[in-house]
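Structure below is coords06.cif: mmCIF, C-alpha atoms.
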data_structure
#
loop_
_atom_site.label_atom_id
_atom_site.label_comp_id
_atom_site.auth_asym_id
_atom_site.auth_seq_id
_atom_site.Cartn_x
_atom_site.Cartn_y
_atom_site.Cartn_z
CA MET A 1 -2.95 -4.20 32.79
CA SER A 2 -3.40 -4.09 29.02
CA HIS A 3 -2.77 -1.13 26.75
CA VAL A 4 -4.28 -0.30 23.39
CA VAL A 5 -1.99 1.23 20.80
CA GLU A 6 -3.22 2.90 17.64
CA ILE A 7 -0.88 3.88 14.84
CA GLU A 8 -2.06 5.85 11.84
CA THR A 9 0.36 6.02 8.95
CA GLU A 10 0.00 8.67 6.27
CA VAL A 11 1.80 7.68 3.10
CA ARG A 12 3.24 10.95 1.76
CA ASP A 13 6.85 10.27 0.74
CA PRO A 14 7.78 8.58 -2.57
CA VAL A 15 11.37 8.03 -1.36
CA ALA A 16 10.11 6.11 1.70
CA ILE A 17 7.67 4.15 -0.51
CA ARG A 18 10.57 3.07 -2.73
CA ALA A 19 12.74 2.23 0.30
CA ALA A 20 9.95 0.16 1.87
CA CYS A 21 9.54 -1.79 -1.37
CA GLU A 22 13.27 -2.43 -1.47
CA ARG A 23 13.31 -3.47 2.20
CA LEU A 24 10.49 -5.97 1.53
CA SER A 25 11.91 -7.19 -1.81
CA LEU A 26 8.88 -5.88 -3.70
CA PRO A 27 9.00 -4.59 -7.28
CA GLU A 28 9.96 -0.93 -7.61
CA PRO A 29 6.89 1.33 -7.30
CA VAL A 30 5.65 3.04 -10.46
CA GLU A 31 3.88 6.39 -10.68
CA GLY A 32 0.78 6.68 -12.87
CA ARG A 33 -2.91 5.86 -13.20
CA PHE A 34 -4.00 2.31 -12.37
CA SER A 35 -7.12 0.15 -12.60
CA LEU A 36 -8.62 -1.27 -9.42
CA PHE A 37 -11.43 -3.59 -10.60
CA THR A 38 -14.20 -1.00 -11.25
CA ALA A 39 -12.26 2.14 -10.28
CA THR A 40 -9.01 3.89 -11.12
CA ALA A 41 -6.48 5.53 -8.85
CA GLU A 42 -3.50 7.82 -9.41
CA GLY A 43 -0.26 7.78 -7.50
CA TRP A 44 2.56 5.36 -6.74
CA ALA A 45 1.61 1.72 -7.41
CA VAL A 46 3.01 -0.90 -5.06
CA ARG A 47 2.73 -4.53 -6.18
CA LEU A 48 2.20 -6.86 -3.24
CA PRO A 49 2.70 -10.65 -3.44
CA ASP A 50 -0.30 -12.47 -4.93
CA TRP A 51 -2.46 -9.33 -5.06
CA ARG A 52 -4.62 -8.99 -8.17
CA TYR A 53 -4.43 -5.16 -8.16
CA PRO A 54 -1.75 -2.78 -6.86
CA VAL A 55 -1.95 -0.64 -3.78
CA VAL A 56 -1.89 2.95 -5.08
CA CYS A 57 -0.41 5.62 -2.82
CA ASP A 58 -1.62 9.16 -3.52
CA VAL A 59 1.10 11.16 -1.77
CA SER A 60 -0.61 14.50 -2.37
CA LYS A 61 -3.63 13.42 -0.29
CA ALA A 62 -1.86 10.89 1.97
CA ARG A 63 -4.36 8.21 0.92
CA ILE A 64 -4.01 4.69 -0.35
CA ALA A 65 -6.42 2.97 -2.71
CA TYR A 66 -6.70 -0.76 -3.21
CA ASP A 67 -9.20 -3.51 -3.95
CA ASN A 68 -8.44 -6.87 -2.39
CA PHE A 69 -12.10 -8.02 -2.31
CA GLU A 70 -12.05 -8.50 1.45
CA GLY A 71 -8.90 -10.59 1.28
CA ARG A 72 -9.93 -12.77 -1.67
CA TRP A 73 -7.70 -10.87 -4.13
CA GLY A 74 -4.85 -10.17 -1.72
CA ASP A 75 -3.85 -11.03 1.81
CA PRO A 76 -4.08 -7.94 4.09
CA LEU A 77 -0.95 -9.19 5.86
CA TYR A 78 1.14 -7.93 2.92
CA LEU A 79 -0.47 -4.49 3.09
CA ASN A 80 0.27 -4.31 6.81
CA ARG A 81 3.89 -5.31 6.18
CA PHE A 82 4.23 -2.60 3.54
CA LEU A 83 2.77 0.07 5.85
CA GLN A 84 5.09 -1.02 8.67
CA GLY A 85 8.05 -0.95 6.28
CA TYR A 86 7.03 2.52 5.11
CA ALA A 87 6.82 3.77 8.70
CA VAL A 88 10.28 2.37 9.45
CA GLU A 89 11.77 4.02 6.36
CA LYS A 90 10.03 7.34 7.03
#
Reformat the file's structure so that it appears as structure tokens.
Amino acid sequence: MSHVVEIETEVRDPVAIRAACERLSLPEPVEGRFSLFTATAEGWAVRLPDWRYPVVCDVSKARIAYDNFEGRWGDPLYLNRFLQGYAVEK
């Protein structure tokens, strides 16, 4: 018998964001306003390997913003690893 598991992670904690980055050997996150191709986002920027633009975590709304152009500008695997690392740290 198979089972389906769904996990929804809300990114709300800057301390856990920083710890996840450290765990994954990513650059330290930076708070501010960042460009994402044609848009901007405010929050904590996480730089993922080989991603053109950062993943921006808005902790006040528990939302993340990013533009990886359907994987062409960044492998979704790295985003998934970051979210898993965040969940572990939280």
- Message: Just want the 7 Å neighbourhood of region 55-57 of chain A, counted on all atoms listed in the file, with same-chain residues fewer than 4 positions away dropped. Output as number ranges by chain.
- Response: A: 11, 41-47, 63-66
- Tyr53 (chain A) environment, 8 Å, all atoms listed in the file, sequence neighbours closer than 3 positions dropped, as a list in words: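 Once the nearby chain positions are removed, what remains is Ser35, Leu36, Phe37, Arg47, Tyr66, Asp67, Asn68 and Trp73 of chain A.
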- Surrounding residues of Glu8 (chain A) excluding itself and chain neighbours under 4 positions, 12 Å, all atoms listed in the file, as a ChimeraX atom specification: /A:62-63,80,83-84,86-87
- Task: Please check which residues have atoms at most 12 Å from (9.0, 5.2, -0.4) in the file's coordinates, counting only C-alpha atoms, and write them as number ranges by chain.
- Result: A: 10-24, 26-31, 43-46, 57-59, 82-90
- Message: So, with all atoms listed in the file as the atoms that count, which of A:Thr38, A:Gly32, A:Ser25, A:Phe69 lies closest to Arg81 (chain A)?
- Response: A:Ser25
- Message: If we count all atoms listed in the file and set the cut-off at 12 Å, which residues sit around Arg72 (chain A), ignoring sequence neighbours fewer than 6 positions away in its own chain? Please answer as a PyMOL selection string.
- Response: chain A and resi 50-53
With all atoms of region 74-80 of chain A from the file as input, state the centre and edge lengths in Å to one decimal of the axis-aligned box that has 4 Å extra on each side, as JSON.
{"center_x": -1.9, "center_y": -7.7, "center_z": 2.5, "size_x": 14.0, "size_y": 14.7, "size_z": 16.5}
